[in-house]
$ cat query30.cif   # mmCIF, C-alpha atoms
data_input
loop_
_atom_site.label_atom_id
_atom_site.label_comp_id
_atom_site.auth_asym_id
_atom_site.auth_seq_id
_atom_site.Cartn_x
_atom_site.Cartn_y
_atom_site.Cartn_z
CA MET A 854 20.66 -55.99 32.82
CA PRO A 855 22.93 -59.05 33.01
CA VAL A 856 21.77 -62.04 35.00
CA PRO A 857 24.24 -63.80 37.36
CA SER A 858 25.51 -67.12 36.06
CA THR A 859 23.75 -69.18 38.76
CA SER A 860 20.46 -67.49 37.92
CA THR A 861 21.11 -68.06 34.23
CA ARG A 862 21.56 -71.78 34.77
CA LEU A 863 18.35 -71.91 36.78
CA LEU A 864 16.59 -69.93 34.07
CA VAL A 865 17.77 -72.31 31.34
CA TRP A 866 16.74 -75.43 33.23
CA THR A 867 13.36 -73.91 34.04
CA LEU A 868 12.76 -73.07 30.39
CA ALA A 869 13.89 -76.59 29.44
CA LEU A 870 11.37 -78.05 31.88
CA LEU A 871 8.63 -75.74 30.58
CA SER A 872 9.35 -76.79 26.99
CA THR A 873 9.47 -80.48 27.85
CA VAL A 874 6.20 -80.52 29.77
CA SER A 875 4.44 -78.30 27.24
CA TYR A 876 5.51 -80.33 24.21
CA GLY A 877 4.76 -83.54 26.08
CA THR A 878 1.27 -82.67 27.28
CA LEU A 879 0.02 -80.50 24.41
CA TYR A 880 1.68 -82.08 21.37
CA TYR A 881 3.07 -85.58 21.83
CA ALA A 882 0.20 -86.77 24.03
CA GLN A 883 -2.38 -85.68 21.43
CA PRO A 884 -2.57 -88.89 19.35
CA LEU A 885 -3.17 -90.99 22.46
CA LEU A 886 -5.67 -88.50 23.86
CA ALA A 887 -7.45 -88.38 20.50
CA ILE A 888 -7.87 -92.16 20.36
CA ALA A 889 -9.12 -92.20 23.96
CA ALA A 890 -11.61 -89.43 23.16
CA GLU A 891 -12.84 -91.35 20.11
CA HIS A 892 -13.47 -94.43 22.22
CA ALA A 893 -14.99 -92.58 25.17
CA LEU A 894 -17.13 -90.06 23.32
CA GLY A 895 -17.75 -91.68 19.96
CA TRP A 896 -16.05 -89.06 17.80
CA SER A 897 -14.38 -89.88 14.50
CA ARG A 898 -10.71 -89.58 13.60
CA VAL A 899 -11.64 -86.72 11.27
CA GLN A 900 -13.18 -84.81 14.20
CA THR A 901 -10.22 -85.25 16.54
CA SER A 902 -7.73 -84.47 13.78
CA LEU A 903 -9.62 -81.32 12.80
CA ALA A 904 -9.55 -80.05 16.38
CA PHE A 905 -5.78 -80.51 16.60
CA THR A 906 -5.24 -78.92 13.19
CA LEU A 907 -7.18 -75.87 14.39
CA ALA A 908 -4.89 -75.71 17.43
CA LEU A 909 -1.84 -75.66 15.17
CA LEU A 910 -3.42 -72.96 13.03
CA VAL A 911 -3.89 -70.84 16.16
CA THR A 912 -0.15 -71.07 16.86
CA ALA A 913 0.54 -69.78 13.37
CA PHE A 914 -1.84 -66.83 13.40
CA VAL A 915 -0.95 -65.53 16.88
CA ALA A 916 2.84 -66.01 16.53
CA PRO A 917 3.66 -62.44 15.36
CA ALA A 918 1.65 -60.86 18.19
CA VAL A 919 3.28 -63.17 20.74
CA GLY A 920 6.75 -62.27 19.46
CA ARG A 921 6.09 -58.53 19.70
CA ALA A 922 4.67 -58.93 23.20
CA LEU A 923 7.73 -60.86 24.35
CA ASP A 924 10.01 -58.12 23.02
CA ALA A 925 8.07 -55.49 24.94
CA ARG A 926 7.31 -57.30 28.20
CA GLY A 927 9.73 -60.16 28.65
CA GLY A 928 8.71 -63.72 29.33
CA ARG A 929 7.67 -64.04 32.94
CA THR A 930 3.99 -63.18 32.59
CA LEU A 931 3.55 -64.52 29.07
CA LEU A 932 5.26 -67.90 29.50
CA THR A 933 3.64 -68.45 32.88
CA GLY A 934 0.31 -67.52 31.34
CA GLY A 935 0.96 -69.97 28.52
CA ALA A 936 1.47 -72.85 30.96
CA LEU A 937 -1.69 -71.83 32.84
CA LEU A 938 -3.60 -71.64 29.57
CA GLY A 939 -2.37 -75.12 28.69
CA ALA A 940 -3.64 -76.44 32.01
CA LEU A 941 -7.01 -74.75 31.38
CA ALA A 942 -7.11 -76.32 27.91
CA LEU A 943 -6.56 -79.83 29.28
CA LEU A 944 -9.15 -79.31 32.01
CA THR A 945 -11.61 -78.12 29.36
CA LEU A 946 -10.95 -81.30 27.41
CA ALA A 947 -11.51 -83.32 30.57
CA LEU A 948 -14.95 -81.73 30.96
CA ALA A 949 -15.84 -81.86 27.27
CA SER A 950 -18.97 -83.88 26.57
CA SER A 951 -19.85 -81.97 23.39
CA TYR A 952 -17.75 -81.53 20.28
CA PRO A 953 -17.79 -77.68 20.37
CA LEU A 954 -16.32 -77.77 23.88
CA PHE A 955 -13.73 -80.29 22.72
CA VAL A 956 -12.72 -77.94 19.90
CA THR A 957 -12.61 -75.04 22.37
CA GLY A 958 -10.16 -76.99 24.52
CA TRP A 959 -7.82 -77.50 21.58
CA LEU A 960 -8.10 -73.87 20.50
CA LEU A 961 -6.96 -72.90 24.00
CA ALA A 962 -4.16 -75.44 23.68
CA GLY A 963 -3.05 -73.71 20.47
CA GLY A 964 -2.68 -70.44 22.34
CA ALA A 965 -0.70 -72.23 25.04
CA MET A 966 1.63 -73.80 22.47
CA SER A 967 2.44 -70.40 21.00
CA LEU A 968 3.48 -69.15 24.44
CA THR A 969 5.48 -72.15 25.66
CA PHE A 970 7.07 -73.80 22.60
CA TYR A 971 10.53 -73.07 21.19
CA GLU A 972 9.69 -69.77 19.46
CA SER A 973 8.80 -68.08 22.75
CA VAL A 974 11.38 -69.86 24.87
CA PHE A 975 14.24 -68.96 22.52
CA THR A 976 13.16 -65.32 22.57
CA VAL A 977 13.45 -65.24 26.36
CA VAL A 978 16.83 -66.98 26.20
CA GLY A 979 18.06 -64.32 23.78
CA GLN A 980 16.92 -61.56 26.11
CA GLN A 981 18.96 -62.95 28.99
CA THR A 982 22.08 -64.41 27.33
CA GLN A 983 24.21 -63.56 24.31
CA GLY A 984 26.81 -65.15 22.06
CA ALA A 985 28.17 -68.55 22.99
CA ALA A 986 26.15 -68.59 26.22
CA ARG A 987 22.92 -68.23 24.24
CA THR A 988 23.94 -71.04 21.87
CA ARG A 989 24.72 -73.34 24.81
CA ALA A 990 21.42 -72.44 26.45
CA THR A 991 19.36 -73.26 23.36
CA LEU A 992 21.28 -76.52 22.98
CA THR A 993 20.54 -77.49 26.59
CA ILE A 994 16.85 -76.69 26.19
CA THR A 995 16.46 -78.63 22.95
CA LEU A 996 18.37 -81.65 24.22
CA ILE A 997 16.09 -81.89 27.25
CA ALA A 998 12.86 -81.05 25.45
CA GLY A 999 13.84 -83.53 22.76
CA LEU A 1000 13.01 -86.21 25.33
CA ALA A 1001 9.40 -85.00 25.61
CA SER A 1002 7.98 -87.77 23.42
CA THR A 1003 10.15 -90.39 25.13
CA ILE A 1004 8.75 -89.32 28.50
CA PHE A 1005 5.17 -88.34 27.79
CA VAL A 1006 4.04 -90.99 25.29
CA PRO A 1007 4.50 -93.86 27.78
CA LEU A 1008 3.38 -91.63 30.67
CA THR A 1009 0.15 -90.67 28.90
CA SER A 1010 -0.44 -94.27 27.90
CA ALA A 1011 -0.03 -95.41 31.51
CA LEU A 1012 -2.35 -92.66 32.77
CA LEU A 1013 -5.03 -93.60 30.25
CA GLU A 1014 -4.80 -97.27 31.13
CA GLY A 1015 -4.77 -96.57 34.86
CA GLY A 1016 -7.58 -94.04 35.25
CA GLY A 1017 -9.14 -93.24 31.91
CA LEU A 1018 -9.26 -90.12 29.77
CA ARG A 1019 -10.50 -87.54 32.26
CA GLN A 1020 -8.10 -88.53 35.03
CA ALA A 1021 -5.19 -88.50 32.58
CA LEU A 1022 -6.09 -85.00 31.40
CA VAL A 1023 -6.36 -83.71 34.97
CA ILE A 1024 -2.94 -85.11 35.91
CA LEU A 1025 -1.34 -83.65 32.77
CA ALA A 1026 -2.97 -80.30 33.59
CA ALA A 1027 -1.53 -80.49 37.12
CA LEU A 1028 1.98 -80.92 35.65
CA LEU A 1029 1.49 -77.74 33.62
CA LEU A 1030 0.24 -75.90 36.69
CA GLY A 1031 3.37 -76.94 38.57
CA VAL A 1032 5.71 -75.76 35.82
CA ALA A 1033 3.73 -72.50 35.60
CA GLY A 1034 4.49 -71.79 39.25
CA LEU A 1035 8.19 -72.52 38.75
CA THR A 1036 8.31 -70.30 35.65
CA TRP A 1037 6.74 -67.39 37.52
CA ARG A 1038 9.22 -67.78 40.36
CA VAL A 1039 12.38 -68.06 38.24
CA LEU A 1040 11.94 -65.81 35.21
CA PRO A 1041 12.91 -62.14 35.66
CA ASP A 1042 10.13 -59.57 35.54
CA TYR A 1043 11.48 -57.50 32.68
CA GLY A 1044 12.14 -57.61 28.94
CA MET A 1045 14.35 -55.78 26.51
CA GLY A 1046 11.85 -53.04 25.80
CA THR A 1047 11.19 -49.83 27.68
CA PRO A 1048 8.29 -50.33 30.10
CA GLY A 1049 5.26 -48.57 28.72
CA GLY A 1050 7.21 -47.48 25.63
CA LYS A 1051 5.55 -47.45 22.24
CA ARG A 1052 7.27 -49.63 19.66
CA PRO A 1053 7.01 -48.98 15.93
CA PRO A 1054 5.62 -51.86 13.84
CA PHE A 1055 8.07 -54.55 12.85
CA THR A 1056 9.04 -54.54 9.17
CA PRO A 1057 10.80 -57.64 7.81
CA ASP A 1058 13.68 -57.10 5.42
CA ALA A 1059 14.45 -59.10 2.28
CA ARG A 1060 16.84 -61.43 4.08
CA LEU A 1061 14.27 -62.38 6.71
CA ILE A 1062 11.75 -63.10 3.95
CA ARG A 1063 14.21 -65.47 2.28
CA LEU A 1064 15.07 -67.10 5.61
CA THR A 1065 11.39 -67.60 6.30
CA LEU A 1066 10.82 -69.17 2.91
CA ALA A 1067 13.76 -71.53 3.40
CA PHE A 1068 12.62 -72.72 6.83
CA THR A 1069 9.01 -73.02 5.68
CA LEU A 1070 10.12 -75.31 2.85
CA ALA A 1071 12.22 -77.30 5.30
CA ARG A 1072 9.27 -77.67 7.68
CA LEU A 1073 7.21 -79.10 4.83
CA VAL A 1074 9.94 -81.71 4.35
CA THR A 1075 10.42 -82.62 8.03
CA VAL A 1076 6.69 -82.94 8.73
CA GLY A 1077 5.77 -84.53 5.41
CA THR A 1078 8.55 -87.11 5.49
CA GLY A 1079 8.17 -87.83 9.18
CA LEU A 1080 4.44 -88.48 8.85
CA GLN A 1081 4.91 -90.90 5.98
CA LEU A 1082 7.90 -92.82 7.30
CA ALA A 1083 6.08 -95.59 9.17
CA PRO A 1084 3.36 -96.09 6.52
CA LEU A 1085 6.05 -96.11 3.82
CA LEU A 1086 8.01 -98.86 5.55
CA LEU A 1087 4.89 -100.93 6.20
CA ALA A 1088 3.82 -100.61 2.58
CA ALA A 1089 7.31 -101.78 1.55
CA GLY A 1090 6.85 -104.99 3.53
CA TYR A 1091 8.77 -104.15 6.70
CA ALA A 1092 7.52 -105.92 9.82
CA PRO A 1093 5.46 -103.62 12.09
CA ALA A 1094 7.98 -103.83 14.93
CA LEU A 1095 10.87 -102.98 12.61
CA ALA A 1096 8.95 -100.13 11.00
CA ALA A 1097 8.16 -98.70 14.43
CA SER A 1098 11.78 -99.02 15.56
CA LEU A 1099 13.13 -97.33 12.45
CA THR A 1100 10.59 -94.51 12.79
CA GLY A 1101 11.72 -93.99 16.38
CA LEU A 1102 15.32 -93.93 15.19
CA ALA A 1103 14.63 -90.69 13.30
CA GLY A 1104 13.56 -88.97 16.52
CA LEU A 1105 16.46 -90.44 18.46
CA ALA A 1106 18.97 -89.17 15.88
CA ALA A 1107 17.74 -85.60 16.40
CA LEU A 1108 19.53 -85.42 19.76
CA PRO A 1109 23.09 -86.06 18.48
CA GLY A 1110 22.21 -83.79 15.56
CA ARG A 1111 21.70 -80.96 18.02
CA ALA A 1112 24.79 -81.84 20.01
CA LEU A 1113 26.94 -81.83 16.86
CA PHE A 1114 25.55 -78.51 15.72
CA VAL A 1115 27.50 -76.42 18.25
CA PRO A 1116 31.06 -77.60 17.39
CA LEU A 1117 30.23 -77.51 13.67
CA LEU A 1118 28.85 -73.99 14.09
CA SER A 1119 32.17 -72.68 15.39
CA ARG A 1120 34.02 -74.20 12.42
CA LEU A 1121 31.67 -73.57 9.52
CA GLY A 1122 29.46 -70.65 10.54
CA ALA A 1123 25.67 -70.67 10.71
CA PRO A 1124 24.71 -69.93 7.06
CA PRO A 1125 26.97 -72.56 5.37
CA LEU A 1126 26.11 -75.14 8.02
CA THR A 1127 22.38 -74.56 7.57
CA VAL A 1128 22.66 -74.83 3.78
CA PHE A 1129 24.41 -78.17 4.32
CA LEU A 1130 21.62 -79.30 6.67
CA PHE A 1131 18.93 -78.43 4.13
CA ALA A 1132 20.84 -80.39 1.48
CA GLN A 1133 21.20 -83.30 3.89
CA LEU A 1134 17.46 -83.18 4.51
CA ALA A 1135 16.83 -83.44 0.76
CA LEU A 1136 19.32 -86.27 0.24
CA SER A 1137 18.07 -88.29 3.20
CA THR A 1138 14.48 -88.05 1.92
CA LEU A 1139 15.64 -89.26 -1.50
CA LEU A 1140 17.35 -92.26 0.12
CA LEU A 1141 14.05 -93.29 1.69
CA HIS A 1142 12.74 -93.84 -1.81
CA PHE A 1143 14.93 -96.95 -2.09
CA THR A 1144 13.12 -99.16 0.41
CA GLY A 1145 14.54 -102.33 -1.11
CA SER A 1146 17.87 -101.73 0.65
CA HIS A 1147 17.72 -101.78 4.44
CA ALA A 1148 21.14 -100.15 4.70
CA THR A 1149 20.06 -97.27 2.46
CA VAL A 1150 16.87 -96.76 4.43
CA VAL A 1151 18.67 -96.78 7.78
CA THR A 1152 21.25 -94.30 6.44
CA GLY A 1153 18.48 -92.06 5.18
CA ILE A 1154 16.59 -92.19 8.47
CA ILE A 1155 19.66 -91.35 10.55
CA ALA A 1156 20.67 -88.50 8.22
CA PHE A 1157 17.09 -87.19 8.26
CA GLY A 1158 16.97 -87.21 12.07
CA LEU A 1159 20.37 -85.55 12.44
CA ALA A 1160 19.41 -82.73 10.06
CA SER A 1161 15.95 -82.23 11.56
CA GLY A 1162 17.34 -81.94 15.06
CA ALA A 1163 20.11 -79.53 14.14
CA LEU A 1164 17.78 -77.24 12.18
CA THR A 1165 15.94 -76.34 15.39
CA LEU A 1166 19.14 -74.66 16.60
CA ALA A 1167 20.09 -73.30 13.18
CA ARG A 1168 16.91 -71.25 12.91
CA ALA A 1169 17.49 -69.53 16.25
CA GLU A 1170 21.17 -68.97 15.45
CA LEU A 1171 20.53 -67.31 12.09
CA LEU A 1172 17.88 -65.02 13.53
CA ALA A 1173 20.13 -64.06 16.45
CA GLN A 1174 22.94 -63.17 14.02
CA HIS A 1175 20.64 -60.89 12.05
CA TYR A 1176 18.49 -59.26 14.75
CA LEU A 1177 19.25 -57.63 18.05
CA PRO A 1178 17.60 -59.18 21.13
CA GLN A 1179 15.15 -56.27 21.27
CA ALA A 1180 13.60 -57.37 17.95
CA PHE A 1181 14.26 -61.11 18.06
CA GLY A 1182 10.74 -61.93 19.25
CA ALA A 1183 9.09 -59.92 16.49
CA ALA A 1184 11.33 -61.48 13.80
CA ASN A 1185 10.87 -64.98 15.19
CA GLY A 1186 7.12 -64.51 15.46
CA TRP A 1187 6.93 -63.18 11.90
CA MET A 1188 8.80 -66.26 10.67
CA ALA A 1189 6.75 -68.62 12.82
CA ARG A 1190 3.45 -67.86 11.09
CA PRO A 1191 4.22 -69.47 7.68
CA VAL A 1192 6.40 -72.16 9.25
CA ASN A 1193 3.62 -73.21 11.63
CA LEU A 1194 1.04 -72.96 8.85
CA ALA A 1195 3.17 -75.40 6.86
CA GLN A 1196 3.25 -77.75 9.84
CA ALA A 1197 -0.52 -77.57 10.26
CA LEU A 1198 -1.43 -78.09 6.60
CA THR A 1199 1.22 -80.62 5.51
CA PRO A 1200 -0.68 -83.67 6.87
CA LEU A 1201 -3.61 -82.77 4.65
CA GLY A 1202 -1.33 -82.23 1.67
CA VAL A 1203 0.54 -85.52 1.91
CA GLY A 1204 -2.75 -87.31 2.56
CA LEU A 1205 -4.18 -85.90 -0.67
CA LEU A 1206 -1.03 -86.88 -2.57
CA PHE A 1207 -1.32 -90.45 -1.33
CA THR A 1208 -5.02 -90.54 -2.24
CA TRP A 1209 -4.30 -89.30 -5.77
CA THR A 1210 -1.25 -91.46 -6.48
CA GLY A 1211 -1.82 -94.52 -4.30
CA GLY A 1212 1.82 -94.53 -3.17
CA TYR A 1213 4.67 -92.56 -1.68
CA SER A 1214 7.06 -92.16 -4.60
CA LEU A 1215 5.82 -88.80 -5.87
CA SER A 1216 5.54 -87.42 -2.37
CA LEU A 1217 9.14 -88.35 -1.51
CA LEU A 1218 10.43 -86.84 -4.74
CA LEU A 1219 8.49 -83.65 -3.99
CA MET A 1220 9.97 -83.52 -0.47
CA THR A 1221 13.45 -83.95 -1.96
CA ALA A 1222 12.85 -81.05 -4.35
CA LEU A 1223 11.56 -78.86 -1.51
CA GLY A 1224 14.69 -79.59 0.55
CA CYS A 1225 16.88 -78.58 -2.39
CA ALA A 1226 14.80 -75.42 -2.84
CA ALA A 1227 15.33 -74.55 0.84
CA ALA A 1228 19.11 -74.88 0.42
CA LEU A 1229 19.13 -72.70 -2.70
CA THR A 1230 16.91 -70.10 -1.04
CA LEU A 1231 19.24 -69.82 1.95
CA LEU A 1232 22.25 -69.52 -0.36
CA GLY A 1233 20.65 -66.38 -1.76
CA ALA A 1234 20.02 -64.98 1.70
CA ALA A 1235 23.54 -65.82 2.86
CA ARG A 1236 25.19 -63.67 0.19
CA GLY A 1237 24.26 -60.57 2.16
CA GLY A 1238 25.91 -61.86 5.32
CA PHE A 1239 24.43 -62.14 8.81
CA HIS A 1240 25.31 -59.55 11.41
CA THR A 1241 23.51 -58.39 14.53
CA THR A 1242 23.44 -54.80 13.37
CA ALA A 1243 19.73 -54.51 12.57
CA VAL A 1244 17.75 -51.81 14.33
CA GLU A 1245 15.43 -52.85 17.09
CA THR A 1246 12.10 -52.78 15.30
CA ARG A 1247 12.84 -53.25 11.64
CA GLY A 1248 15.38 -55.29 9.71
CA GLY A 1249 16.32 -52.59 7.20
CA ASP A 1250 17.08 -53.30 3.56
#
$ encode --input "query30.cif" --output "C-alpha cells"
Amino acid sequence: MPVPSTSTRLLVWTLALLSTVSYGTLYYAQPLLAIAAEHALGWSRVQTSLAFTLALLVTAFVAPAVGRALDARGGRTLLTGGALLGALALLTLALASSYPLFVTGWLLAGGAMSLTFYESVFTVVGQQTQGAARTRATLTITLIAGLASTIFVPLTSALLEGGGLRQALVILAALLLGVAGLTWRVLPDYGMGTPGGKRPPFTPDARLIRLTLAFTLARLVTVGTGLQLAPLLLAAGYAPALAASLTGLAGLAALPGRALFVPLLSRLGAPPLTVFLFAQLALSTLLLHFTGSHATVVTGIIAFGLASGALTLARAELLAQHYLPQAFGAANGWMARPVNLAQALTPLGVGLLFTWTGGYSLSLLLMTALGCAAALTLLGAARGGFHTTAVETRGGD
C-alpha cells in the first residue's frame, strides 16, 4: 500500500524526531546521568557502567525478535511502545533509591533502545518507501538524529544543574512521552506481513553472515577508537580543551560523511563504496597512532568521522539490496545481535588492553587490523552481488 508523498514526508520527520529524542535521552545523556547518580546516591563508576552495559546487552539479545515483529506488524505499535518504555525507564531511574531498581531502569531502557534506534526505524522506512526515496529518507533521519548529542548533552547538563537528577529524568521522560504520542498518530497501522499470518523462521544465507561479520568488525573499530580518542590525545600531551575539540570533530565529521554517501552511492554502488569506507576506517585509525603530528591526527580524526557516519547508511543500503522489505526487519535484527554485542563489550576489551599494555599503541594497531579484516570480508560477500530477489523469510543460498 503506497503512502502519499505528504504523508511520507511527515512519516520521515516523525521517525527522525523519534530517533533524535531516543538517542539523546537513552544514550547520549547516560554519562551525565551516571555521574549525577553517583553523586546523589553514592554508587561507583563500576556500578553505573555495569547497568548501562546490561542495557546494551538487552538491545543485542532482543534484536532478532524485534526485527521479526516489525516485519509482521509494522511499526506503529512497536515504535510507540518503545518510546513509552523509554519514558517508563527514565521514571524508574528517577524513583530508584536502591541499586536493583536502578539496574531495572536501565534494563527497561535497553528494551526501549531496541525499539526506537536505527535498526527499528530503518525497517519501518523500508516498509513505506523504496529505492531512491528510501535512501533519501534514511539520510534525512540520520542527519537529524546525528545532532542528538549536540542537543541533549547540553540540555541534560542544564537540567541537572537547574533541578537535580530526578527532575531531569522526569523532563526527559516527558519528551519521550510526547514523541510517543506523535509516533502513534503519524505511523500507519500496518506492516508488510499478512495480518495474523504465520511466518516461517528466518534463515540467514552465507552473504548475510559475511555482511554481519564485516559490520561487527567495523563496530569494534568505531567504538574502540572513539572511546580511546580523548584519552589518547591527553596522554600524548594535548591540552584538555584541544583534546576535547578534536574528539568532538570526529562526531561532527559524521554528518558530511552521511551527506556524501548518497551521491557516491549512485556513482560507485553500495558494495564497493562500503569496502572503501571500511578501508578508510582502518587507515584513519592507523593515522591516530602518529600523535606527534597534529596535521596527521586531524586528518585521521576527520577521515574516521566521515567513514563512521557513512557506514550507518551503508549497512541499511546493503541489506535493502539483498532482502525484500517483508524480510528486512528479520535480517536487520539478526545482524544487530552481534553488532550490538560488539558495541556493549568493546569498552571492557579496550580497557583490558590498556591495563595490560599501559598504552594505546597495540590497541590502535588491532583496530587497524580489524578495519582491514572488515574490508576483506565484505569483498568476499560482494562477489555474489546484491539484489533484492531474496524470498520473504529466508535469504537462500
$ atom_distance --input "query30.cif" --atom1 "CA of Ala882 (chain A)" --atom2 "CA of Val1006 (chain A)"
5.8 Å
$ residues_around --input "query30.cif" --residues "Thr957 (chain A)" --least-positions-apart "2" --cutoff "10 Å" --atoms "all atoms listed in the file" --output "list of chain:residue names"
A:Ala904, A:Leu907, A:Ala908, A:Ala942, A:Thr945, A:Leu946, A:Ala949, A:Tyr952, A:Pro953, A:Leu954, A:Phe955, A:Trp959, A:Leu960, A:Leu961, A:Ala962, A:Gly963
$ write_last_selection --input "query30.cif" --atoms "C-alpha atoms" --output "PDB file, in the frame of the given file"
ATOM      1  CA  ALA A 904      -9.550 -80.050  16.380  1.00  0.00           C
ATOM      2  CA  LEU A 907      -7.180 -75.870  14.390  1.00  0.00           C
ATOM      3  CA  ALA A 908      -4.890 -75.710  17.430  1.00  0.00           C
ATOM      4  CA  ALA A 942      -7.110 -76.320  27.910  1.00  0.00           C
ATOM      5  CA  THR A 945     -11.610 -78.120  29.360  1.00  0.00           C
ATOM      6  CA  LEU A 946     -10.950 -81.300  27.410  1.00  0.00           C
ATOM      7  CA  ALA A 949     -15.840 -81.860  27.270  1.00  0.00           C
ATOM      8  CA  TYR A 952     -17.750 -81.530  20.280  1.00  0.00           C
ATOM      9  CA  PRO A 953     -17.790 -77.680  20.370  1.00  0.00           C
ATOM     10  CA  LEU A 954     -16.320 -77.770  23.880  1.00  0.00           C
ATOM     11  CA  PHE A 955     -13.730 -80.290  22.720  1.00  0.00           C
ATOM     12  CA  TRP A 959      -7.820 -77.500  21.580  1.00  0.00           C
ATOM     13  CA  LEU A 960      -8.100 -73.870  20.500  1.00  0.00           C
ATOM     14  CA  LEU A 961      -6.960 -72.900  24.000  1.00  0.00           C
ATOM     15  CA  ALA A 962      -4.160 -75.440  23.680  1.00  0.00           C
ATOM     16  CA  GLY A 963      -3.050 -73.710  20.470  1.00  0.00           C
TER      17      GLY A 963
END
$ resolve_selection --input "query30.cif" --expression "the PyMOL selection byres ((chain A and resi 1184) around 12)" --output "ChimeraX atom specification"
/A:916-924,972-973,975-976,1054-1058,1060-1062,1064-1065,1168-1169,1171-1183,1185-1190,1243-1248
$ atom_distance --input "query30.cif" --atom1 "CA of Pro1116 (chain A)" --atom2 "CA of Thr991 (chain A)"
13.8 Å
$ residues_around --input "query30.cif" --residues "Ser902 (chain A)" --least-positions-apart "5" --cutoff "10 Å" --atoms "only C-alpha atoms" --output "CSV table (one decimal) with C-alpha atoms, keeping the file's coordinate frame"
chain,number,residue,atom,x,y,z
A,883,GLN,CA,-2.4,-85.7,21.4
A,884,PRO,CA,-2.6,-88.9,19.4
A,887,ALA,CA,-7.4,-88.4,20.5
A,897,SER,CA,-14.4,-89.9,14.5
A,907,LEU,CA,-7.2,-75.9,14.4
A,908,ALA,CA,-4.9,-75.7,17.4
A,1200,PRO,CA,-0.7,-83.7,6.9
$ closest_atom_pairs --input "query30.cif" --of "region 999-1078 of chain A" --to "region 1106-1109 of chain A" --cutoff "12 Å" --atoms "only C-alpha atoms" --output "tab-separated table"
residue	atom	partner	partner_atom	distance
A:Gly999	CA	A:Leu1108	CA	6.7
A:Leu1000	CA	A:Leu1108	CA	8.6
A:Ala1001	CA	A:Leu1108	CA	11.7
A:Thr1003	CA	A:Leu1108	CA	11.9
A:Thr1075	CA	A:Ala1107	CA	11.5
$ resolve_selection --input "query30.cif" --expression "the PyMOL selection byres ((chain A and resi 998) around 12)" --output "PyMOL selection string"
chain A and resi 865-878+880-881+969-971+974+991-997+999-1005+1104+1107-1108+1111+1162+1165
$ closest_residue --input "query30.cif" --among "A:Arg1120, A:Arg989, A:Arg1072, A:His1142" --to "Ala1227 (chain A)" --atoms "only C-alpha atoms"
A:Arg1072
$ resolve_selection --input "query30.cif" --expression "the PyMOL selection byres ((chain A and resi 1144) around 12)" --output "compact mmCIF listing (two decimals) with C-alpha atoms, in the coordinates of the input"
# COMPACT_ATOMS: atom_id res chain seq x y z
CA LEU A 1082 7.90 -92.82 7.30
CA ALA A 1083 6.08 -95.59 9.17
CA PRO A 1084 3.36 -96.09 6.52
CA LEU A 1085 6.05 -96.11 3.82
CA LEU A 1086 8.01 -98.86 5.55
CA LEU A 1087 4.89 -100.93 6.20
CA ALA A 1088 3.82 -100.61 2.58
CA ALA A 1089 7.31 -101.78 1.55
CA GLY A 1090 6.85 -104.99 3.53
CA TYR A 1091 8.77 -104.15 6.70
CA ALA A 1096 8.95 -100.13 11.00
CA THR A 1138 14.48 -88.05 1.92
CA LEU A 1139 15.64 -89.26 -1.50
CA LEU A 1140 17.35 -92.26 0.12
CA LEU A 1141 14.05 -93.29 1.69
CA HIS A 1142 12.74 -93.84 -1.81
CA PHE A 1143 14.93 -96.95 -2.09
CA GLY A 1145 14.54 -102.33 -1.11
CA SER A 1146 17.87 -101.73 0.65
CA HIS A 1147 17.72 -101.78 4.44
CA ALA A 1148 21.14 -100.15 4.70
CA THR A 1149 20.06 -97.27 2.46
CA VAL A 1150 16.87 -96.76 4.43
CA VAL A 1151 18.67 -96.78 7.78
CA THR A 1152 21.25 -94.30 6.44
CA GLY A 1153 18.48 -92.06 5.18
CA ILE A 1154 16.59 -92.19 8.47
CA TYR A 1213 4.67 -92.56 -1.68
CA SER A 1214 7.06 -92.16 -4.60
CA LEU A 1217 9.14 -88.35 -1.51
$ closest_residue --input "query30.cif" --among "A:Thr988, A:Thr933, A:Gln900, A:Gln1081" --to "Ser1119 (chain A)" --atoms "all atoms listed in the file"
A:Thr988
$ atom_distance --input "query30.cif" --atom1 "CA of Leu1121 (chain A)" --atom2 "CA of Ala1059 (chain A)"
23.6 Å
$ closest_residue --input "query30.cif" --among "A:Thr982, A:Thr901, A:Thr906, A:Thr1230" --to "Ala1195 (chain A)" --atoms "all atoms listed in the file"
A:Thr906
$ residues_around --input "query30.cif" --residues "Leu1126 (chain A)" --least-positions-apart "3" --cutoff "12 Å" --atoms "all atoms listed in the file" --output "list in words"
Leu1113, Phe1114, Val1115, Pro1116, Leu1117, Leu1118, Ser1119, Arg1120, Leu1121, Gly1122, Ala1123, Phe1129, Leu1130, Phe1131, Ala1132, Gln1133, Ala1160, Ala1163, Leu1164, Leu1166, Ala1167, Arg1168, Glu1170, Leu1171, Ala1228, Leu1231, Leu1232 and Ala1235 of chain A
$ closest_residue --input "query30.cif" --among "A:Leu894, A:Arg926, A:Gly1077, A:Thr912" --to "Arg1019 (chain A)" --atoms "all atoms listed in the file"
A:Leu894
$ decode --input "query30.cif" --residues "region 1119-1124 of chain A" --atoms "N, CA and C atoms" --output "short mmCIF file (atom, residue, chain, number, x, y, z; two decimals), in the first residue's frame"
data_model
loop_
_atom_site.label_atom_id
_atom_site.label_comp_id
_atom_site.auth_asym_id
_atom_site.auth_seq_id
_atom_site.Cartn_x
_atom_site.Cartn_y
_atom_site.Cartn_z
N SER A 1119 25.41 6.54 -5.87
CA SER A 1119 24.91 6.45 -7.25
C SER A 1119 26.05 6.24 -8.25
N ARG A 1120 27.26 6.64 -7.89
CA ARG A 1120 28.39 6.51 -8.81
C ARG A 1120 29.16 5.20 -8.63
N LEU A 1121 29.31 4.77 -7.39
CA LEU A 1121 30.16 3.61 -7.11
C LEU A 1121 29.38 2.33 -6.83
N GLY A 1122 28.16 2.45 -6.32
CA GLY A 1122 27.43 1.28 -5.88
C GLY A 1122 27.72 0.98 -4.42
N ALA A 1123 26.79 0.35 -3.73
CA ALA A 1123 26.91 0.15 -2.29
C ALA A 1123 28.08 -0.75 -1.88
N PRO A 1124 28.27 -1.94 -2.49
CA PRO A 1124 29.37 -2.80 -2.02
C PRO A 1124 30.75 -2.17 -2.17
#
